[in-house]
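Scroll down for the structure; my scribbles are underneath it.
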Amino acid sequence: MPDSQPRPPDGATADSSALLLCGARLTDGRTVDVRLGGGRIEAVGTAGSLAPHCSRVDLGGYLLLPAPAEPHGHGDTALTADAVGPVSYDSDDVQRRATEAALLQLGHGATALRSHVRIGDVQGLGPLEAVLQARRSLRGLTDLTAVAVPRLLTGLAGADGLAMLRDAVKMGAAVVGGCPDADPDPAGYTEALLEVAAEHGCPVDLHTHADEPARLARLAAMAAGVRPGVSIGPCAGLARLPHSVAARAADRIAAAGITVVCLPQGGCGVMEQRGAAPVRLLRAAGVRVAAGSGALRDVSNPVGRGDPLEAAYLLASRDGLRAEDAYAAVAAAAREAMGLPEVRVEAGFPAELLAVRGERISGALSLAYSRIVIHRGRVVARTSAVREYCDSAVAVALELPRQGRP
C-alpha cells in the first residue's frame, strides 16, 4: 500500500520527518493513529483524531507492535550453506554476506541486530572490519552491533587472542564474547574476557552449552554484578541435566543477573551441540530469557530463516509460552539484553515498530506474512503477501473470506 502525501492546509507546514500511522490496531484492541517525528512516537490518539499534516501510512488491518531485535546472529558466516568449496573470508565477501543477512532480518522486523564475529586464526581481524563496514553502510536502515569472538584467551596460544580482542574493541566491536567451553581453561577464558570488558565498559555475550553445573556456577559467580551486563546462550545443555540440577543452575543464573539468549530455530556454528534451552524452567527461576535466530543458512543450519517471529512461534508452540510472552522474548527482552531503550506504542518512546497483518499476537505469530518495518520513525522495509484462490461455490456459499485482485 503506497504512502499518500496529503497537502497541508493553507498556513500549515508539513514536517518532512513526521509520519502518521493511520488506523493501527494495538494489542489491547484499540484502533489508533500514531504520529512519529524525530525518531520517536509523538502522539497516540483515537483513529482520525491526529491532524494529517505529514506523510501517512494506512495500517488498517494491521497489528502495531514494538519492533523485535536480533540478539544472536552470525553475519560473517551467513548464507554460506550452498558455497562450493571452502567459505571465502575475503573482506568484500564477508561484508556482502553480513549486509544481506542484516537486510533479510530487517525485512522480518528486526531493527537492531547483534552479530557475533570470529577473530583470530588465519583471518585475524579481517571479518570484523568487514562487518563493521557493513554496519556503517546500513546506518539509517538498521542498527548492527558487532561482537568480537576470539577462539582462545589463555596460555601461550591465548596471548595473541587477548591482544587481538583488545584491538577489536578499539576498532569498533561494541561487545566482547566467545566460547569458554572451547578453551583449555574455561574459567581463565571468562576471567580474561571480563577483564577486557571492564577495561572498556563493554557488555559480555558468551556461547556456552551450560551442561556442566560446576563450570556454570563459576561463570555465574564471576559475572554477578558485572555492568553493563552479561548474556549467555544457547544453553541447550541445561535441558539434558536432571531437573533438580538444572533448577539450581537456573537459580544461580538469575541471582547473577545473567540473561539467557536461547535459539529456538537451531544452533550456530560456534556451538555444534543441538537442542533448546529449558525456557520455562529458566523463566520460573526468574531468569530473563531472550530469543535469537542463530545461524542464517550456513552449514550449521542450512534452512535458518533469521526470523524473530518464527522464534517466538516456536517458543509458543513448542515450549508452551503465551503468545504475548513469546513475542516479548524477541522484542522487549531482546532489546534489554542488547542494552537498547524500551519501546512501547506510547508517546515519548522510540519509533521502532513492526506492523503485522492481523488482529492479535497469536494470529501474527501463526500467519505473519505481510509486515511493515519502522526504524527511527521511517518505513524501512515492507513485505506484502496476497493469497488468491480460484472461484469456489463452497467458499461463496459459506461466505468465507478471500483475497483477490479486483
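How things are named: the first chain in the C-alpha cells is A, the next is B, and so on; residues count from 1 in each chain; ligands count from 1 in the order shown.
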>> So that I can check the surroundings of A:Ser91, please list as a list in words every protein, DNA and RNA residue that reaches within 8 Å of it, counting only C-alpha atoms and ignoring chain neighbours fewer than 6 positions away.
In response: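 The residues satisfying every condition are Gly126, Pro127, Glu129 and Ala130 of chain A.
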Stretch 260-321 of chain A residues near stretch 221-234 of chain A within 9 Å, closest pair each, using only C-alpha atoms, as a tab-separated table:
```
residue	atom	partner	partner_atom	distance
A:Val260	CA	A:Ile232	CA	5.0
A:Val261	CA	A:Gly233	CA	4.8
A:Cys262	CA	A:Pro234	CA	4.5
A:Leu263	CA	A:Pro234	CA	5.8
A:Pro264	CA	A:Pro234	CA	8.9
A:Gly267	CA	A:Pro234	CA	7.4
A:Cys268	CA	A:Pro234	CA	8.8
A:Met271	CA	A:Pro234	CA	8.3
A:Gly275	CA	A:Pro234	CA	8.9
A:Ala276	CA	A:Pro234	CA	7.2
A:Ala277	CA	A:Pro234	CA	6.5
A:Ala291	CA	A:Pro234	CA	9.0
A:Gly292	CA	A:Pro234	CA	8.9
A:Gly294	CA	A:Pro234	CA	8.8
```
>> Based on the backbone DSSP call, show me all residues of stretch 21-157 of chain A assigned alpha helix (DSSP H), as a PyMOL selection string.
In response: chain A and resi 91-108+126-137+155-157
> Could you state the separation of atom CA of A:Arg344 and atom CA of A:Ala110 in Å, given to one decimal place?
Replying inline: 15.3 Å
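Proximity to A:Gly358 at 8 Å, evaluated using only C-alpha atoms and with sequence-adjacent residues fewer than 3 positions away removed, yields Gly61, Tyr62, Leu63, Ile361, Gly363, Ala364 and Ala368 of chain A.
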> Which residues, written as number ranges by chain, have at least one atom at most 7 Å from A:Gly109, with only C-alpha atoms counted and residues fewer than 3 positions away on the same chain left out?
Replying inline: A: 67-68, 105-106, 354, 373
>> To test your reading of the structure, identify every residue in stretch 134-325 of chain A that backbone DSSP assigns to strand (DSSP E or B), and report it as number ranges by chain.
In response: A: 143-150, 175-178, 204-208, 230-234, 259-262, 268, 271, 289-291, 294, 298, 301
> Which residues, written as a list of chain:residue names, have at least one atom at most 10 Å from stretch 157-169 of chain A, with only C-alpha atoms counted and residues fewer than 6 positions away on the same chain left out?
Replying inline: A:Ile119, A:Gly120, A:Asp121, A:Gly124, A:Leu125, A:Leu128, A:Glu129, A:Ala146, A:Val147, A:Ala148, A:Val149, A:Pro150, A:Arg151, A:Val175, A:Val176, A:Gly177, A:Asp183, A:Pro184, A:Tyr189, A:Ala192, A:Leu193, A:Val196, A:Ala197, A:Glu199, A:His200, A:Cys202
Since we have the selection now, will you write its residues out, keeping C-alpha atoms, as an mmCIF file, in the first residue's frame?
```
data_model
loop_
_atom_site.group_PDB
_atom_site.id
_atom_site.type_symbol
_atom_site.label_atom_id
_atom_site.label_comp_id
_atom_site.auth_asym_id
_atom_site.auth_seq_id
_atom_site.Cartn_x
_atom_site.Cartn_y
_atom_site.Cartn_z
ATOM 1 C CA ILE A 119 38.519 -13.083 15.226
ATOM 2 C CA GLY A 120 41.982 -14.599 15.193
ATOM 3 C CA ASP A 121 43.331 -17.670 13.390
ATOM 4 C CA GLY A 124 42.731 -12.165 12.003
ATOM 5 C CA LEU A 125 40.580 -9.055 12.287
ATOM 6 C CA LEU A 128 35.367 -7.937 11.946
ATOM 7 C CA GLU A 129 36.448 -4.997 9.790
ATOM 8 C CA ALA A 146 29.487 -6.473 16.301
ATOM 9 C CA VAL A 147 30.579 -8.943 18.988
ATOM 10 C CA ALA A 148 34.273 -9.883 18.897
ATOM 11 C CA VAL A 149 34.641 -13.667 19.404
ATOM 12 C CA PRO A 150 38.228 -14.902 19.995
ATOM 13 C CA ARG A 151 38.936 -18.645 19.960
ATOM 14 C CA VAL A 175 30.553 -6.276 22.748
ATOM 15 C CA VAL A 176 33.097 -8.919 23.761
ATOM 16 C CA GLY A 177 32.169 -12.574 23.540
ATOM 17 C CA ASP A 183 39.309 -23.053 25.780
ATOM 18 C CA PRO A 184 41.507 -25.455 27.804
ATOM 19 C CA TYR A 189 38.915 -17.546 29.468
ATOM 20 C CA ALA A 192 40.226 -12.641 30.807
ATOM 21 C CA LEU A 193 37.124 -11.666 28.842
ATOM 22 C CA VAL A 196 38.767 -6.668 28.888
ATOM 23 C CA ALA A 197 35.076 -5.835 29.217
ATOM 24 C CA GLU A 199 38.617 -2.011 30.836
ATOM 25 C CA HIS A 200 36.396 -0.752 28.017
ATOM 26 C CA CYS A 202 31.637 -3.381 27.175
#
```
Per-residue nearest contacts stretch 196-296 of chain A to stretch 93-102 of chain A, cut-off 12 Å, using only C-alpha atoms, as a tab-separated table:
```
residue	atom	partner	partner_atom	distance
A:Ser293	CA	A:Ala101	CA	11.5
A:Gly294	CA	A:Ala101	CA	11.6
A:Ala295	CA	A:Ala101	CA	10.2
A:Leu296	CA	A:Ala101	CA	7.4
```
Write the residues you've just listed into a file as a compact mmCIF listing (two decimals), in the first residue's frame, and include C-alpha atoms for each of them.
```txt
# COMPACT_ATOMS: atom_id res chain seq x y z
CA SER A 293 17.92 -16.73 15.48
CA GLY A 294 21.42 -18.19 15.46
CA ALA A 295 22.57 -19.47 12.10
CA LEU A 296 21.13 -17.96 8.92
```
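With only C-alpha atoms as the basis for measurement, A:Pro203 is the residue among A:Gly85, A:Gly37, A:Gly48, A:Pro203 that approaches A:Gly339 most closely.
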>> Using Å and a single decimal, report how far atom CA of A:Ala24 sits from atom CA of A:Leu64.
In response: 6.0 Å
> Between A:Gly140, A:Gly266, A:Gly320, A:Pro66, which is the closest to A:Ile41 once you count only C-alpha atoms?
Replying inline: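 Among A:Gly140, A:Gly266, A:Gly320, A:Pro66, it is A:Pro66 that comes nearest to A:Ile41.
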>> Taking 5 positions as the minimum chain separation for residues in the same chain, which residues sit within 6 Å of stretch 16-21 of chain A when counting only C-alpha atoms? Answer as a ChimeraX atom specification.
In response: /A:33-37,54-57
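A straight line drawn from atom CA of A:Ala246 to atom CA of A:Arg288 is 15.7 Å long.
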